[in-house]
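*Asks:* Pasting final_27.cif here (mmCIF, C-alpha atoms):
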```cif
data_final
#
loop_
_atom_site.label_atom_id
_atom_site.label_comp_id
_atom_site.auth_asym_id
_atom_site.auth_seq_id
_atom_site.Cartn_x
_atom_site.Cartn_y
_atom_site.Cartn_z
CA MET A 784 30.61 32.05 -2.50
CA PRO A 785 27.63 29.94 -1.37
CA LYS A 786 24.26 31.65 -1.29
CA ARG A 787 22.12 31.92 1.81
CA TYR A 788 18.39 31.72 1.32
CA ARG A 789 17.98 35.46 1.99
CA ASP A 790 20.32 36.18 -0.94
CA ILE A 791 18.18 34.27 -3.46
CA VAL A 792 15.51 36.11 -5.40
CA GLY A 793 12.53 34.03 -6.52
CA ASP A 794 13.53 30.40 -7.11
CA GLY A 795 17.21 31.22 -7.63
CA GLY A 796 17.06 30.13 -11.26
CA SER A 797 16.12 26.54 -10.39
CA ASN A 798 12.79 26.76 -12.25
CA ILE A 799 11.47 24.57 -9.45
CA LEU A 800 7.82 25.57 -9.87
CA VAL A 801 7.82 24.48 -13.50
CA GLN A 802 9.50 21.17 -12.55
CA VAL A 803 6.87 20.46 -9.89
CA GLU A 804 4.02 21.29 -12.25
CA GLU A 805 5.48 18.99 -14.91
CA ILE A 806 5.58 16.11 -12.42
CA GLN A 807 2.03 16.88 -11.28
CA ALA A 808 0.84 16.93 -14.89
CA ARG A 809 2.45 13.52 -15.52
CA LEU A 810 0.87 12.18 -12.35
CA ARG A 811 -2.59 13.40 -13.36
CA ALA A 812 -2.18 11.83 -16.80
CA ARG A 813 -1.10 8.47 -15.30
CA MET A 814 -3.91 8.40 -12.75
CA ALA A 815 -6.54 9.36 -15.33
CA ARG A 816 -6.14 5.80 -16.67
CA VAL A 817 -6.64 4.20 -13.23
CA ARG A 818 -10.29 3.67 -12.32
CA LYS A 819 -9.87 3.14 -8.56
CA LYS A 820 -7.08 3.90 -6.10
CA VAL A 821 -7.15 2.30 -2.64
CA ALA A 822 -4.60 2.58 0.18
CA VAL A 823 -4.00 -0.27 2.63
CA THR A 824 -2.92 1.28 5.90
CA SER A 825 -2.77 0.80 9.65
CA GLY A 826 -0.41 3.16 11.44
CA LYS A 827 0.88 0.05 13.24
CA GLY A 828 3.69 -2.14 11.98
CA GLY A 829 3.52 -5.93 11.99
CA VAL A 830 -0.20 -6.28 11.28
CA GLY A 831 0.20 -7.90 7.85
CA LYS A 832 -0.72 -5.02 5.52
CA SER A 833 1.65 -6.11 2.76
CA VAL A 834 0.56 -9.76 2.76
CA LEU A 835 -3.06 -8.62 2.76
CA THR A 836 -2.39 -6.27 -0.18
CA ALA A 837 -0.62 -8.98 -2.20
CA ASN A 838 -3.45 -11.45 -1.67
CA LEU A 839 -6.20 -8.95 -2.48
CA ALA A 840 -4.36 -7.97 -5.66
CA SER A 841 -4.06 -11.63 -6.66
CA ILE A 842 -7.72 -12.47 -6.02
CA LEU A 843 -8.95 -9.46 -7.97
CA ALA A 844 -6.51 -10.12 -10.83
CA ALA A 845 -7.69 -13.75 -10.96
CA ASP A 846 -11.23 -12.43 -11.33
CA GLY A 847 -10.22 -10.47 -14.40
CA ARG A 848 -9.42 -7.04 -12.96
CA ARG A 849 -6.37 -5.14 -14.19
CA VAL A 850 -4.45 -4.52 -10.96
CA GLY A 851 -1.36 -2.53 -10.04
CA VAL A 852 0.43 -2.35 -6.70
CA LEU A 853 2.63 0.47 -5.45
CA ASP A 854 4.88 -0.47 -2.54
CA ALA A 855 4.85 2.87 -0.69
CA ASP A 856 7.17 1.57 2.04
CA LEU A 857 10.41 3.04 0.73
CA ASN A 858 12.58 1.92 3.63
CA GLY A 859 11.20 -1.58 4.15
CA PRO A 860 9.81 -2.68 0.77
CA SER A 861 8.48 -6.23 0.61
CA MET A 862 5.93 -6.29 -2.22
CA ALA A 863 8.43 -7.42 -4.87
CA LYS A 864 9.20 -10.50 -2.75
CA LEU A 865 5.56 -11.18 -1.92
CA LEU A 866 4.49 -11.08 -5.57
CA GLY A 867 7.49 -12.98 -6.89
CA VAL A 868 9.06 -10.21 -8.98
CA ARG A 869 12.20 -9.56 -6.93
CA GLY A 870 15.18 -9.35 -9.26
CA GLN A 871 13.15 -8.40 -12.34
CA HIS A 872 14.75 -5.62 -14.37
CA LEU A 873 12.59 -2.55 -14.94
CA HIS A 874 12.24 -1.52 -18.58
CA LEU A 875 12.50 2.15 -19.56
CA SER A 876 10.80 3.40 -22.72
CA PRO A 877 9.75 6.81 -24.04
CA VAL A 878 6.44 6.48 -22.15
CA GLY A 879 8.10 5.87 -18.77
CA VAL A 880 9.29 3.10 -16.48
CA HIS A 881 7.39 -0.12 -17.08
CA PRO A 882 6.49 -1.89 -13.83
CA ALA A 883 7.44 -5.47 -13.07
CA GLU A 884 4.73 -8.07 -13.72
CA GLY A 885 3.65 -10.46 -11.01
CA PRO A 886 1.09 -13.28 -10.94
CA LEU A 887 -1.79 -12.80 -13.39
CA GLY A 888 -0.22 -9.67 -14.83
CA ILE A 889 -0.23 -7.64 -11.62
CA ARG A 890 1.89 -4.53 -12.24
CA VAL A 891 4.30 -3.90 -9.37
CA ARG A 892 6.46 -0.90 -8.53
CA SER A 893 8.67 -1.10 -5.44
CA MET A 894 11.83 0.57 -4.21
CA ASP A 895 13.16 -2.97 -3.78
CA LEU A 896 13.46 -3.16 -7.58
CA LEU A 897 15.79 -0.15 -7.57
CA LEU A 898 18.07 -1.12 -4.68
CA PRO A 899 21.06 -3.48 -5.01
CA GLU A 900 20.46 -6.99 -3.66
CA ASP A 901 23.28 -6.72 -1.10
CA ARG A 902 20.91 -5.45 1.62
CA ALA A 903 22.05 -1.86 1.12
CA PRO A 904 19.52 0.45 2.80
CA LEU A 905 17.81 3.41 1.21
CA THR A 906 19.78 6.54 2.13
CA TRP A 907 19.15 10.20 1.44
CA GLU A 908 22.07 12.29 0.24
CA ALA A 909 22.51 15.52 2.22
CA PRO A 910 25.45 17.68 3.35
CA THR A 911 24.97 16.52 6.96
CA GLN A 912 23.01 13.86 8.81
CA GLN A 913 20.96 16.62 10.39
CA ASP A 914 19.97 17.91 6.94
CA ALA A 915 18.99 14.39 5.88
CA PHE A 916 16.79 14.02 8.96
CA VAL A 917 15.11 17.41 8.56
CA TRP A 918 14.29 16.85 4.89
CA ARG A 919 13.47 13.14 5.09
CA GLY A 920 9.69 13.53 5.09
CA THR A 921 9.78 15.92 2.14
CA MET A 922 12.15 13.68 0.18
CA GLU A 923 10.03 10.60 0.81
CA ALA A 924 6.90 12.42 -0.36
CA THR A 925 8.76 13.55 -3.48
CA ALA A 926 10.00 10.01 -4.13
CA LEU A 927 6.46 8.61 -3.89
CA ARG A 928 5.17 11.25 -6.28
CA GLU A 929 7.90 10.43 -8.79
CA LEU A 930 7.34 6.66 -8.48
CA LEU A 931 3.67 7.20 -9.30
CA ALA A 932 4.27 9.77 -12.04
CA ASP A 933 7.17 8.04 -13.80
CA THR A 934 5.61 4.57 -13.93
CA ALA A 935 3.80 3.58 -17.13
CA TRP A 936 0.92 1.92 -15.29
CA GLY A 937 -1.30 1.78 -18.38
CA ASP A 938 -5.02 1.15 -17.97
CA LEU A 939 -5.85 -0.24 -14.52
CA ASP A 940 -9.11 -1.12 -12.83
CA LEU A 941 -7.44 -0.82 -9.43
CA LEU A 942 -4.20 0.52 -7.98
CA LEU A 943 -3.50 -0.74 -4.46
CA LEU A 944 -1.05 1.32 -2.40
CA ASP A 945 0.68 -0.61 0.37
CA LEU A 946 1.56 1.98 3.03
CA PRO A 947 4.40 1.76 5.57
CA PRO A 948 3.95 1.80 9.36
CA GLY A 949 3.26 5.22 10.81
CA ALA A 950 0.56 7.74 10.07
CA PRO A 951 2.12 10.47 7.85
CA THR A 952 2.10 8.61 4.51
CA LEU A 953 -1.70 8.46 4.26
CA PRO A 954 -2.26 12.24 4.29
CA THR A 955 0.74 12.63 1.97
CA LEU A 956 -0.86 10.30 -0.59
CA ALA A 957 -4.25 11.90 -0.09
CA GLY A 958 -2.61 15.17 -1.11
CA LEU A 959 -1.12 13.60 -4.25
CA LEU A 960 -4.01 11.41 -5.41
CA ASP A 961 -7.76 11.40 -5.47
CA LEU A 962 -7.97 8.25 -3.34
CA ASP A 963 -11.17 6.24 -3.64
CA GLY A 964 -10.69 4.96 -0.12
CA ALA A 965 -8.50 3.19 2.40
CA LEU A 966 -8.66 -0.20 4.09
CA VAL A 967 -7.56 -0.03 7.73
CA VAL A 968 -5.79 -3.14 9.07
CA THR A 969 -5.51 -4.15 12.72
CA ILE A 970 -4.82 -7.26 14.83
CA PRO A 971 -6.41 -8.54 18.09
CA SER A 972 -4.44 -6.26 20.40
CA GLU A 973 -5.37 -3.24 22.51
CA VAL A 974 -2.03 -1.66 21.60
CA ALA A 975 -2.77 -2.04 17.89
CA GLY A 976 -6.28 -0.72 18.44
CA LEU A 977 -4.94 2.40 20.13
CA VAL A 978 -2.57 3.18 17.24
CA VAL A 979 -5.15 2.35 14.58
CA SER A 980 -7.84 4.51 16.20
CA ARG A 981 -5.50 7.51 16.00
CA LEU A 982 -4.86 6.81 12.32
CA VAL A 983 -8.62 6.70 11.73
CA GLU A 984 -9.04 10.17 13.23
CA LEU A 985 -6.11 11.50 11.19
CA ALA A 986 -7.59 10.07 7.99
CA ARG A 987 -10.92 11.72 8.70
CA THR A 988 -9.19 15.03 9.38
CA HIS A 989 -7.73 14.86 5.87
CA GLY A 990 -11.00 13.78 4.26
CA VAL A 991 -9.90 10.24 3.35
CA ARG A 992 -12.80 7.86 2.70
CA LEU A 993 -12.36 4.86 5.01
CA LEU A 994 -13.86 1.75 3.43
CA GLY A 995 -13.69 -0.35 6.57
CA LEU A 996 -11.64 -2.31 9.05
CA VAL A 997 -9.86 -5.64 8.52
CA GLU A 998 -8.79 -7.68 11.55
CA ASN A 999 -5.81 -9.81 10.63
CA MET A 1000 -4.48 -12.81 12.63
CA ALA A 1001 -7.88 -13.08 14.30
CA GLY A 1002 -7.46 -16.77 15.15
CA TYR A 1003 -5.10 -19.69 14.52
CA LEU A 1004 -5.45 -22.55 12.05
CA CYS A 1005 -3.66 -25.77 12.97
CA VAL A 1006 -2.40 -27.11 9.65
CA ALA A 1007 -1.57 -30.52 11.12
CA CYS A 1008 -5.10 -31.23 12.35
CA GLY A 1009 -7.05 -28.82 10.12
CA THR A 1010 -8.76 -27.24 13.12
CA LEU A 1011 -9.48 -23.53 13.25
CA GLY A 1012 -9.28 -22.35 16.82
CA GLU A 1013 -11.92 -20.02 18.14
CA LEU A 1014 -11.46 -16.49 16.85
CA PHE A 1015 -9.93 -14.23 19.45
CA PRO A 1016 -12.61 -12.22 21.24
CA GLY A 1017 -13.80 -8.86 20.10
CA ASP A 1018 -10.90 -6.45 19.60
CA GLY A 1019 -11.78 -5.87 15.97
CA GLU A 1020 -15.49 -5.68 16.71
CA SER A 1021 -14.86 -3.25 19.56
CA LEU A 1022 -12.63 -1.05 17.41
CA ALA A 1023 -15.18 -1.11 14.60
CA GLU A 1024 -17.88 0.00 17.02
CA THR A 1025 -15.87 2.83 18.58
CA SER A 1026 -14.51 4.05 15.23
CA GLY A 1027 -17.81 3.78 13.38
CA LEU A 1028 -16.22 1.65 10.64
CA PRO A 1029 -17.67 -1.57 9.25
CA LEU A 1030 -15.66 -4.68 10.12
CA LEU A 1031 -15.11 -6.10 6.62
CA ALA A 1032 -13.26 -9.30 7.54
CA ARG A 1033 -11.61 -11.27 10.33
CA ILE A 1034 -8.77 -13.29 8.82
CA PRO A 1035 -7.24 -16.17 10.81
CA PHE A 1036 -3.52 -16.85 10.88
CA ASP A 1037 -2.40 -19.86 8.87
CA PRO A 1038 1.33 -20.74 9.00
CA ARG A 1039 1.18 -21.40 5.27
CA ILE A 1040 0.64 -17.66 4.72
CA ALA A 1041 4.27 -17.04 5.68
CA TRP A 1042 5.46 -20.01 3.58
CA CYS A 1043 3.65 -18.66 0.50
CA ALA A 1044 4.84 -15.10 1.13
CA ASP A 1045 8.48 -16.21 1.23
CA ARG A 1046 8.06 -17.86 -2.16
CA GLY A 1047 6.09 -15.12 -3.89
CA ARG A 1048 3.05 -17.36 -4.25
CA PRO A 1049 -0.16 -15.69 -3.02
CA TYR A 1050 -1.72 -17.78 -0.27
CA ALA A 1051 -5.29 -17.07 -1.38
CA LEU A 1052 -4.59 -18.67 -4.76
CA GLU A 1053 -2.57 -21.58 -3.36
CA HIS A 1054 -5.12 -22.45 -0.63
CA PRO A 1055 -8.45 -20.97 -1.75
CA GLU A 1056 -10.59 -23.39 0.29
CA SER A 1057 -8.77 -22.85 3.57
CA PRO A 1058 -10.47 -20.68 6.24
CA GLY A 1059 -7.93 -17.94 5.57
CA GLY A 1060 -8.36 -18.20 1.82
CA GLN A 1061 -12.14 -18.03 2.14
CA ALA A 1062 -11.90 -14.99 4.44
CA LEU A 1063 -9.63 -13.23 1.96
CA ARG A 1064 -11.96 -14.00 -0.93
CA ALA A 1065 -14.92 -12.70 1.08
CA LEU A 1066 -12.96 -9.51 1.78
CA ALA A 1067 -12.17 -9.10 -1.94
CA ALA A 1068 -15.88 -9.48 -2.69
CA ARG A 1069 -16.71 -6.78 -0.14
CA LEU A 1070 -14.10 -4.50 -1.70
CA ARG A 1071 -15.52 -5.10 -5.18
CA ALA A 1072 -18.97 -4.20 -3.91
CA LEU A 1073 -17.74 -1.03 -2.22
CA LEU A 1074 -15.85 0.16 -5.26
CA TRP A 1075 -17.94 -0.97 -8.20
CA GLU A 1076 -21.33 -2.33 -7.21
CA GLU A 1077 -22.84 -0.15 -4.48
CA GLY A 1078 -23.11 3.13 -6.33
CA ALA A 1079 -19.45 3.86 -5.70
CA GLU A 1080 -18.57 4.49 -9.34
CA ARG A 1081 -17.18 7.99 -9.62
#
```
Hey, can you dump this file as structure tokens for me?

*Replies:*
Amino acid sequence: MPKRYRDIVGDGGSNILVQVEEIQARLRARMARVRKKVAVTSGKGGVGKSVLTANLASILAADGRRVGVLDADLNGPSMAKLLGVRGQHLHLSPVGVHPAEGPLGIRVRSMDLLLPEDRAPLTWEAPTQQDAFVWRGTMEATALRELLADTAWGDLDLLLLDLPPGAPTLPTLAGLLDLDGALVVTIPSEVAGLVVSRLVELARTHGVRLLGLVENMAGYLCVACGTLGELFPGDGESLAETSGLPLLARIPFDPRIAWCADRGRPYALEHPESPGGQALRALAARLRALLWEEGAER
């Protein structure tokens, strides 16, 4: 006869508290070898967080940093494609699951590496669809914790966490990790600014250190003529002023960004002298200063 929750004394013999503590202990041990942990977030979809994350990881790895990337978007993972590791087989050893290796030794963990390549979606097993919906947030948080805890990241200077659209994942990660900060990404749009400003307030409520704002797609580069159009007026600057965040970079849109992303070849390394490449390198320099050079060592 099935048990109702009122019939179960304690944990019902599941030993769940011990299981959770074991995972937490593994997570603490993994993260003790990671010097800095930074989330890339927005709250708004379609602003280019993943491409930005992949390019920052590549620039910092090219400069000699040991970099890892966690694709925290479980339902729409793209980091494996962006960093050219899609299809790599993960290796399991007694110390854990070894991440895939991208350009310059970037260590990548993504749900895309666990799903079949026939476009099958991520689904949660539950007795009913209603149960799956009710428990989805909890299951996703548990999956993120296990991805972080089970991965043999090794010694890293920086772990970048590419967050999905929507606000809930940032406080979830803040509860799991001692984040060193978050980069907030927006685009020149009042709609994006509205969503991003709400994420900023949520992050502050949960005590997340916000490193600054990045305005993506802030202008257009004509590849044919080499002309960079005038940067779109002030949405990023206005949002930075109202949110009290520094505007770290305004990155123009270059059609070659999409071409490079589709081929797993980081744009900032392929076109370092382009306006977009220079803006990304300047952003990486600002991030280095915030994390390592301006008294931020913790």

*Asks:* I need the residue nearest Glu998 in chain A from this list: A:Arg849, A:Leu835, A:Arg813, A:Ala935. Use only C-alpha atoms for the distance.

*Replies:*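 The shortest atom-to-atom distance to Glu998 in chain A comes from A:Leu835.
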
*Asks:* Which residue, A:Ser1026, A:Asn999, A:Gln802, A:Ser861, has the smallest gap to Thr969 in chain A when you use all atoms listed in the file?

*Replies:*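 Residue with the minimum atom-to-atom distance to Thr969 in chain A: A:Asn999.
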
*Asks:* Rounded to one decimal, what separation in Å do you get between CA of Ile842 in chain A and CA of Leu982 in chain A?

*Replies:*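 Separating CA of Ile842 in chain A from CA of Leu982 in chain A is a distance of 26.8 Å.
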
*Asks:* With the PyMOL selection byres ((chain A and resi 942-956) around 7) as the selection, what would be picked from this file? Answer as a ChimeraX atom specification, please.

*Replies:* /A:817,819-828,832-833,836,850-856,924,939,941,957-960,982,986,989

*Asks:* Of the candidates A:Leu994, A:Val974, A:Ala1001, A:Ala926, which one gets nearest to Leu962 in chain A if we count all atoms listed in the file?

*Replies:*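 Between A:Leu994, A:Val974, A:Ala1001, A:Ala926, the residue approaching Leu962 in chain A most closely is A:Leu994.
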
*Asks:* Pick the closest to Arg892 in chain A from A:Val997, A:Leu931, A:Leu1028, A:Leu865: which is it, counting all atoms listed in the file?

*Replies:*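 Comparing A:Val997, A:Leu931, A:Leu1028, A:Leu865 against Arg892 in chain A, the winner is A:Leu931.
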
*Asks:* Write out as a VMD selection string which residues come within 10 Å of Gly1027 in chain A when counting all atoms listed in the file, dropping same-chain ones fewer than 6 positions away.

*Replies:* chain A and resid 983 995 to 996 1021

*Asks:* One number please: CA of Ala1068 in chain A to CA of Ala844 in chain A, in Å, one decimal.

*Replies:*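 CA of Ala844 in chain A lies 12.4 Å from CA of Ala1068 in chain A.
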
*Asks:* Between A:Cys1008, A:Glu923, A:Asp895, A:Leu843, which residue has the minimum interatomic distance to Ala1065 in chain A, considering only C-alpha atoms?

*Replies:*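 Residue with the minimum atom-to-atom distance to Ala1065 in chain A: A:Leu843.
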
*Asks:* Go through A:Leu927, A:Ala1067, A:Ala837, A:Met894 one by one, measure the shortest atom-to-atom distance of each to Ile806 in chain A using all atoms listed in the file, and give the residue with the smallest value.

*Replies:*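 Smallest separation from Ile806 in chain A among the options: A:Leu927.
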
*Asks:* So what do you get for CA of Arg992 in chain A versus CA of Leu839 in chain A, distance-wise?

*Replies:*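 CA of Leu839 in chain A lies 18.8 Å from CA of Arg992 in chain A.
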
*Asks:* Give me the residues within 8 Å of Phe1036 in chain A as a VMD selection string, counting only C-alpha atoms and dropping any in the same chain fewer than 6 places off.

*Replies:* chain A and resid 999 to 1004 1059

*Asks:* Starting from 4 Å padding per side, set up an axis-aligned box that covers all listed atoms of range 971-974 of chain A and hand over centre and edge lengths in Å, one decimal, as AutoDock Vina command-line options.

*Replies:*
```
--center_x -4.2 --center_y -5.1 --center_z 20.3 --size_x 12.4 --size_y 14.9 --size_z 12.4
```

*Asks:* Can you give me, as JSON, numbers by chain, the residues this file yields under the PyMOL selection byres ((chain A and resi 1060-1062) around 7)?

*Replies:* {"A": [1032, 1033, 1034, 1050, 1051, 1054, 1055, 1056, 1057, 1058, 1059, 1063, 1064, 1065, 1066]}

*Asks:* Select, counting only C-alpha atoms, all protein, DNA and RNA residues no farther than 6 Å from (12.1, -3.7, -10.1) in file coordinates, and express the selection as a list in words.

*Replies:*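 Final list of nearby residues, as requested, is Gln871, His872, Leu873, Ala883, Leu896 and Leu897 of chain A.
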
*Asks:* Generate a file of the selected residues that holds C-alpha atoms, formatted as a tab-separated table (two decimals), keeping the file's coordinate frame.

*Replies:*
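See out.tsv below for the written result:
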```
chain	number	residue	atom	x	y	z
A	871	GLN	CA	13.15	-8.40	-12.34
A	872	HIS	CA	14.75	-5.62	-14.37
A	873	LEU	CA	12.59	-2.55	-14.94
A	883	ALA	CA	7.44	-5.47	-13.07
A	896	LEU	CA	13.46	-3.16	-7.58
A	897	LEU	CA	15.79	-0.15	-7.57
```

*Asks:* If you count all atoms listed in the file, which residues fall within 10 Å of Glu884 in chain A, apart from same-chain ones fewer than 3 positions away, as a VMD selection string?

*Replies:* chain A and resid 851 863 866 to 868 871 873 881 887 to 892

*Asks:* Only C-alpha atoms, please: the residues just picked out, written as a PDB file, in the coordinates of the input.

*Replies:*
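The result, written out as selection_26.pdb:
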```pdb
ATOM      1  CA  GLY A 851      -1.360  -2.530 -10.040  1.00  0.00           C
ATOM      2  CA  ALA A 863       8.430  -7.420  -4.870  1.00  0.00           C
ATOM      3  CA  LEU A 866       4.490 -11.080  -5.570  1.00  0.00           C
ATOM      4  CA  GLY A 867       7.490 -12.980  -6.890  1.00  0.00           C
ATOM      5  CA  VAL A 868       9.060 -10.210  -8.980  1.00  0.00           C
ATOM      6  CA  GLN A 871      13.150  -8.400 -12.340  1.00  0.00           C
ATOM      7  CA  LEU A 873      12.590  -2.550 -14.940  1.00  0.00           C
ATOM      8  CA  HIS A 881       7.390  -0.120 -17.080  1.00  0.00           C
ATOM      9  CA  LEU A 887      -1.790 -12.800 -13.390  1.00  0.00           C
ATOM     10  CA  GLY A 888      -0.220  -9.670 -14.830  1.00  0.00           C
ATOM     11  CA  ILE A 889      -0.230  -7.640 -11.620  1.00  0.00           C
ATOM     12  CA  ARG A 890       1.890  -4.530 -12.240  1.00  0.00           C
ATOM     13  CA  VAL A 891       4.300  -3.900  -9.370  1.00  0.00           C
ATOM     14  CA  ARG A 892       6.460  -0.900  -8.530  1.00  0.00           C
TER      15      ARG A 892
END
```

*Asks:* For Arg809 in chain A, please output as a PyMOL selection string all residues within 10 Å (counting all atoms listed in the file; exclusion window: fewer than 2 positions along the same chain).

*Replies:* chain A and resi 803-807+811-815+928-929+931-934

*Asks:* Convert the current residue selection to file output with C-alpha atoms, as a short mmCIF file (atom, residue, chain, number, x, y, z; two decimals), in the coordinates of the input.

*Replies:*
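File out11.cif, as written:
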```cif
data_model
loop_
_atom_site.label_atom_id
_atom_site.label_comp_id
_atom_site.auth_asym_id
_atom_site.auth_seq_id
_atom_site.Cartn_x
_atom_site.Cartn_y
_atom_site.Cartn_z
CA VAL A 803 6.87 20.46 -9.89
CA GLU A 804 4.02 21.29 -12.25
CA GLU A 805 5.48 18.99 -14.91
CA ILE A 806 5.58 16.11 -12.42
CA GLN A 807 2.03 16.88 -11.28
CA ARG A 811 -2.59 13.40 -13.36
CA ALA A 812 -2.18 11.83 -16.80
CA ARG A 813 -1.10 8.47 -15.30
CA MET A 814 -3.91 8.40 -12.75
CA ALA A 815 -6.54 9.36 -15.33
CA ARG A 928 5.17 11.25 -6.28
CA GLU A 929 7.90 10.43 -8.79
CA LEU A 931 3.67 7.20 -9.30
CA ALA A 932 4.27 9.77 -12.04
CA ASP A 933 7.17 8.04 -13.80
CA THR A 934 5.61 4.57 -13.93
#
```
